[in-house]
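J.: Here it is, the structure, as C-alpha cells.
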Amino acid sequence: MTKRTNWIVPTFYIFFLMLPIYWLINMSFKTTNEILGAFTLWPQEFTFDNYIKIFTDPTWYTGYLNSLTYVGLNTVISVSVALPAAYAFSRYRFLGDKHLFFWLLTNRMAPPAVFALPFFQLYSAFNLFDTHIAVALAHCLFNIPLAVWILEGFMSGVPKELDETAYIDGYSFSRFFVKIFIPTIAAGIGVAAFFCFMFSWVELLLAKTLTSVAAKPIAAVMTRTASTSGYELGLLAAAGTLTIVPGAFVIYFVRNYIAKGFAMGRV
Amino acid sequence: MNKTVNQKAWFFVIPVVVLVAFNAVIPLMTVVNYSVQETFGNNEFFWSGLDWFKQILHSDRFHQALRRQLIFTFTILAIEIPLGIAIALTMPRKGPWVSVCLVLMALPLLIPWNVVGAMWNIFALPKIGFMGHVLNSMGFDFNFTRQPGDAWFTLILMDVWHWTSLVVLLAYAGLVSIPDAYYQAARIDGAKPFAIFRYIQLPKMKRVLTIAVLLRLMDSFMIYTEPFVLTGGGPGNSTTLLSIDLVKIALGQFDLGPAAAMSLIYFLIVLLLSWLFYTLMMRGEEE
Amino acid sequence: MAKITLDNLRHSYMENPQSAEDFALKQIDVEWDDGGAYALLGPSGCGKTTLLNLISGLLKPSHGRVLFDDVDVTDQQPDQRNIAQVFQFPVIYDTMSVYDNLAFPLRNHGVDKVEIDKKVHEIAEMLELTDRLKTRASGLTADGKQKISLGRGLVRSDVNVIMFDEPLTVIDPHLKWQLRSKLKELHEQIHRTMIYVTHDQTEALTFADQVVVMDEGVVVQIGTPIDLFERPKHIFVGHFIGSPGMNVLACDIDNGKVRVGGEVIEVANADGFNANGCEVVVGVRPEFVSFVDKGGIEVDVTSVADTGRHRVVAVKKDDLELKLLLDEEDELPEGKSRIAFDADKTRIYADGWLVEQEGNK
C-alpha cells in the first residue's frame with residue numbers, strides 16, 4: 001500500500017499539470033520580439049509591459065467584478081435552493097422522487113452550445129439581458145443538479161436519529177435545520193459551494209451570450225483585449241494568467257474544507 | 001436508510017424544480033419548436049415536421065461529426081479513468097502533502113475554458129510553444145494547425161490535462177472513505193496488493209467512479225470552448241466535434257431548424273448512453 | 001496455536017514521546033496461555049485496541065517485544081504471524097460470495113482447491129452459514145457478516161490466536177446473546193486462543209476464563225471473573241465491574257484501627273498497615289453490606305431502586321454515602337437503621353491499589 005516509490009506518480013502528474021501553466025506565465029513576461037524571435041525557457045528581457053497594458057484599461061476591473069458578482073450570486077442561489085431539496089431527497093420518499101432526481105441530473109447533459117440562442121431569447125424576453133442575475137440564473141441549470149447531488153450524499157451520511165432527537169428536544173423544523181442540521185453538514189456545503197463556484201467561473205459560452213457590456217465576464221474581456229490588439233501572444237498570456245489567479249485563491253482558501261469533505265467520504 | 005413516505009417533501013423541492021425548469025424546459029421547448037419548422041428569415045416559419053431529423057440522420061456531415069465525437073469521448077474516458085485511479089491510489093493519505101496535492105491538482109479545473117484553449121494553443125505552437133518546440137527538436141514533424149493527427153493528439157492531451165484531476169479527486173474521495181479495518185483485515189488475510197485493489201478498493205470506489213464516468217461522458221459530449229479556441233475544429237473538419245458543428249450550423253449558417261434537430265438528436269444520444277451506463281452499474285447494487 | 005508473551009511492552013503514537021501521558025500503553029507484561037479464552041476489558045480509550053493491534057502486528061511497539069511460543073515476532077507483518085481478527089464493524093469483501101469470502105485467506109496462502117472446499121464447508125457448518133454459501137456477502141445482515149469475518153479466521157488451521165475487537169457493537173441485542181454463546185461453543189470445540197476486547201462487563205465475564213482489566217494504558221488486574229468480583233486489586237476494577245460498583249469510602253486509620261463514619265470497622269487487610277502519607281480508602285461491594293440490629297454504623301435510608309431480583313438501597317450518614325443490596329424478601333428497615341460490612345470482603349486501598357498482606361494471600 002504505502003510503497004516508497006509511490007510519490008513518483010503524483011509528482012510527475014503535477015509536473016505535467018504545471019508545465020502549460022508555467023509556459024503561459026513565462027510568455028506573459030516576455031516581449032513580443034522575444035516570443036517570436038527565439039525559444040527561451042524563461043524571459044531574457046523581463047517585462048511587465050503586458051500587465052501594465054491590461055491594468056491601465058478600466059474594462060479589466062469591471063470584468064473581474066462582473067465575473068465575481070454573477071459567480072457569487074449563482075453559488076448562493078444554487079446552494080440555498082439545493083439545501084431543502086437535498087434534505088427532501090435524503091429523508092423522504094415521495095411521488096416521483098427518483099424520476100425527478102434523474103431529470104435534474106439530465107440537465108447537466110444539455111449542451112450549452114445548443115441552448116445559447118434560446119437562452120438569449122428567454123432572458124431578453126424577461127428584460128434581463130446583460131445583467132448579472134441573468135448569468136447567475138442561467139448557470140443554475142447545471143449547478144443546482146450538482147449541488148443537490150453533492151448535498152444529498154452528505155445528508156444521507158447524517159443519521160436520521162439526529163433529526164428525531166432534535167424534535168424530541170422540542171426544536172421546530174426550521175430551527176433544527178438552521179441551528180443543528182446545517183452546522184452538521186458544513187463541510188458538505190463547503191464542497192458544494194466550491195463546485196458551484198468552479199463551474200460558474202469556468203463557463204464562458206452562456207456568460208458571453210447573455211452579456212454585452214454591463215455584465216461582461218473577465219474571460220470574455222480577455223478574449224476581446226487579445227483580439228482587438230492583434231495577435232499579441234504576450235498580452236494574451238498575461239490576460240490568461242490573470243484569470244487563473246482568482247481560482248487559485250479560492251482553492252487555497254477552501255482546501256481544508258475540501259479535505260474534510262473528502263474525509264467524510266461523501267463527495 | 002429507511003425513508004418515510006411524505007408527499008409534503010415536494011414543498012422542499014419546488015424551488016429547485018422551478019429554477020431548473022425555467023432554464024431547461026423553456027429553452028428546450030424553443031429548440032423543439034425550431035426543429036420542426038423551416039424559416040426563410042423575416043421571422044416567417046413553416047411547419048416542416050420531421051424533415052430535419054430525417055435529413056440529419058442521413059447526412060454524412062452528421063455521421064462524421066458523431067463518429068469523431070464518439071472516438072474522442074471513448075479515448076479520453078479510456079485514458080482519464082485508469083490514470084485518475086492510478087494517481088488517486090498513489091496519493092498520500094495524510095500529512096501536509098495531501099492539501100498540496102489537492103490544491104495543485106484542482107488548479108486546471110478552475111481555469112476558464114477559453115483560457116485553457118488559449119493556454120494549450122500557446123503551449124503547443126510548433127516553433128515558440130514549449131511542447132511544439134520540444135517535439136520538433138526531437139525529430140517529430142509536429143504541427144497541430146496543419147496535421148489532423150497532431151491536432152487530435154493535442155486535443156486529447158489537453159482534455160487529459162484539464163479533466164483527469166476531476167477523476168482523481170472523486171476516486172480519492174472514494175478511497176479515503178474506506179475504513180482502516182478493511183486494509184487491516186486484508187493484511188491479516190494475507191491479501192496481495194492486487195487483491196486489495198480488486199476486492200476492496202475497486203468495489204468501494206464503484207459509486208464515485210460511476211459518477212466520474214457519467215460526468216466525463218456528458219461533459220465530453222458538450223465540449224465546445226476549449227477545442228474551438230485550440231483548433232477551431234480544424235485543420236479542415238478533422239477536430240469538428242458535435243458542439244462545434246452545431247454552432248457552425250446554427251450561428252454560422254443561421255440554419256436554426258437543422259441545428260435544433262441535430263441538438264435534440266445528440267441530446268438523446270447522451271441521455272441514452274448515460275442511462276445505459278447508469279443502469280448497467282446499478283444492476284449489481286440491487287441484488 | 002501458541003502461547004503469547006508481551007514483554008515490557010510500551011507504545012506511543014507520537015514520534016518522540018516525552019512524558020508518561022504521551023504513551024497509549026505505559027507498561028504491559030502479560031502472558032496469554034495457549035488455548036485460553038481471554039477478555040480484555042476497560043473503558044473506551046484505555047488502550048485495548050492498541051494492545052490488540054500490537055499483538056496482531058498492525059502496529060509495531062515503541063518498546064518491548066511480542067513473543068509467540070517464545071519466538072520473537074515483534075518485526076513480523078500481520079500475515080506472517082498467523083492470527084485472525086474480527087473487527088468492530090463487519091469487514092467483508094462485498095463483491096464476493098460467502099463461499100469466496102471464507103476461501104479468501106486460504107487462497108492467499110496457496111492452499112489447494114480440494115482442501116479449501118473441505119475447510120470452507122466445515123466452517124460454514126459450524127457457523128450455520130451452509131445454506132448461504134452461494135449468496136453475495138453484501139446481502140447478509142450484520143450478524144451474518146460478522147460470522148463471515150469470524151469464519152475467515154477459523155478456516156485457517158495454522159491460526160495462533162483469534163482476536164475480537166468489540167465484535168458485537170453493531171449486532172441487535174437479541175442476537176448478541178446468541179452470537180456470544182456461539183463463540184463460547186466454538187472455543188470449546190476448537191480450543192484456539194481467543195482474545196475478546198470489550199468495554200461491556202457482561203460480555204467479558206460471560207465469555208472469558210481470564211479477564212484482563214485495563215485502564216489508562218496499564219493492566220490493572222488479571223483474573224477469573226470471580227477474582228475480579230471478590231478481590232478487586234484496584235478501586236477502578238471495583239468500580240468498573242459489578243452493578244452497582246464497589247463502595248469507596250473515606251476513612252481514618254490509626255494504630256491499625258479503621259474508622260468509617262466515626263465507627264471502627266473490621267477489614268481484611270489492615271494489620272500492621274502504615275499509611276506513609278498515601279491516600280487510604282475502604283472498598284466494599286454493595287453485596288457485602290447488610291442491615292444489622294445493633295452495632296455497625298447508624299445511617300438514614302435516602303433512596304431505594306428496585307432492579308427485579310433485589311433492591312439497591314442508598315444510605316447516608318453526614319458525608320458518608322454508600323449503597324447496599326437487599327434481597328426482595330428482606331424487609332427494608334424504617335427510619336434510622338444500622339449497617340455492617342462483611343469483614344472478609346472489606347479491604348483498604350492505598351492510592352487506589354489494594355493493600356497486599358502476607359496473611360491474606
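To be explicit about the labels: the chains of the C-alpha cells are called A, B, and onward in the order shown, and within each one the residues are counted from 1, while ligands get numbers from 1 in the order they are shown.
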Within 9 Å of chain C, which residues belong to chain B? Use only C-alpha atoms and report them as a short mmCIF file (atom, residue, chain, number, x, y, z; two decimals) with C-alpha atoms, in the first residue's frame.
T.:
```cif
data_model
loop_
_atom_site.label_atom_id
_atom_site.label_comp_id
_atom_site.auth_asym_id
_atom_site.auth_seq_id
_atom_site.Cartn_x
_atom_site.Cartn_y
_atom_site.Cartn_z
CA ALA B 181 -10.34 -2.11 9.25
CA TYR B 182 -10.69 -3.27 5.63
CA GLN B 184 -6.13 -4.43 8.29
CA ALA B 185 -8.37 -7.42 7.63
CA ALA B 186 -6.84 -7.81 4.19
CA ARG B 187 -3.32 -7.74 5.64
CA ILE B 188 -4.29 -10.35 8.18
CA ASP B 189 -5.85 -12.49 5.45
CA GLY B 190 -2.57 -12.23 3.59
CA ALA B 191 -4.00 -10.43 0.55
CA LYS B 192 -1.54 -9.22 -2.09
CA ALA B 195 -6.18 -8.46 -4.42
CA TYR B 199 -11.65 -6.79 -3.86
CA ILE B 200 -11.60 -3.76 -1.56
CA PRO B 203 -15.74 -2.15 -5.17
CA LYS B 204 -15.68 0.71 -2.67
CA GLU B 287 -29.16 -7.76 -5.92
#
```
J.: Taking only C-alpha atoms into account, find every residue of chain B that has an atom no more than 6 Å from chain A, and write it out as a ChimeraX atom specification.
T.: /B:3-7,9,12-13,16,20,23,27,87,90,103,110-113,115,123,128,173,177,218,222
J.: Looking only at strand (DSSP E) from DSSP on the backbone, list the matching residues of segment 298-338 of chain C as a list of chain:residue names.
T.: C:Glu298, C:Val299, C:Asp300, C:Val301, C:Thr302, C:Ser303, C:Val304, C:Ala305, C:Asp306, C:His310, C:Arg311, C:Val312, C:Val313, C:Ala314, C:Val315, C:Lys316, C:Lys317, C:Leu320, C:Glu321, C:Leu322, C:Lys323, C:Leu324, C:Leu325, C:Leu326, C:Asp327, C:Lys336, C:Ser337, C:Arg338
J.: Considering only C-alpha atoms, return as a ChimeraX atom specification whatever protein or nucleic-acid residues lie within 9 Å of Thr239 of chain B, sequence-local ones (same chain, fewer than 6 positions apart) excluded.
T.: /B:65,68-69,148,151-152,155,227,231-233
J.: Quote the spacing between atom CA of Val100 of chain B and atom CA of His162 of chain B in Å to one decimal place.
T.: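 Interatomic distance, atom CA of Val100 of chain B to atom CA of His162 of chain B: 18.0 Å.
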J.: For Arg61 of chain B, please output as a ChimeraX atom specification all residues within 10 Å (counting only C-alpha atoms; exclusion window: fewer than 6 positions along the same chain).
T.: /B:67,237,245
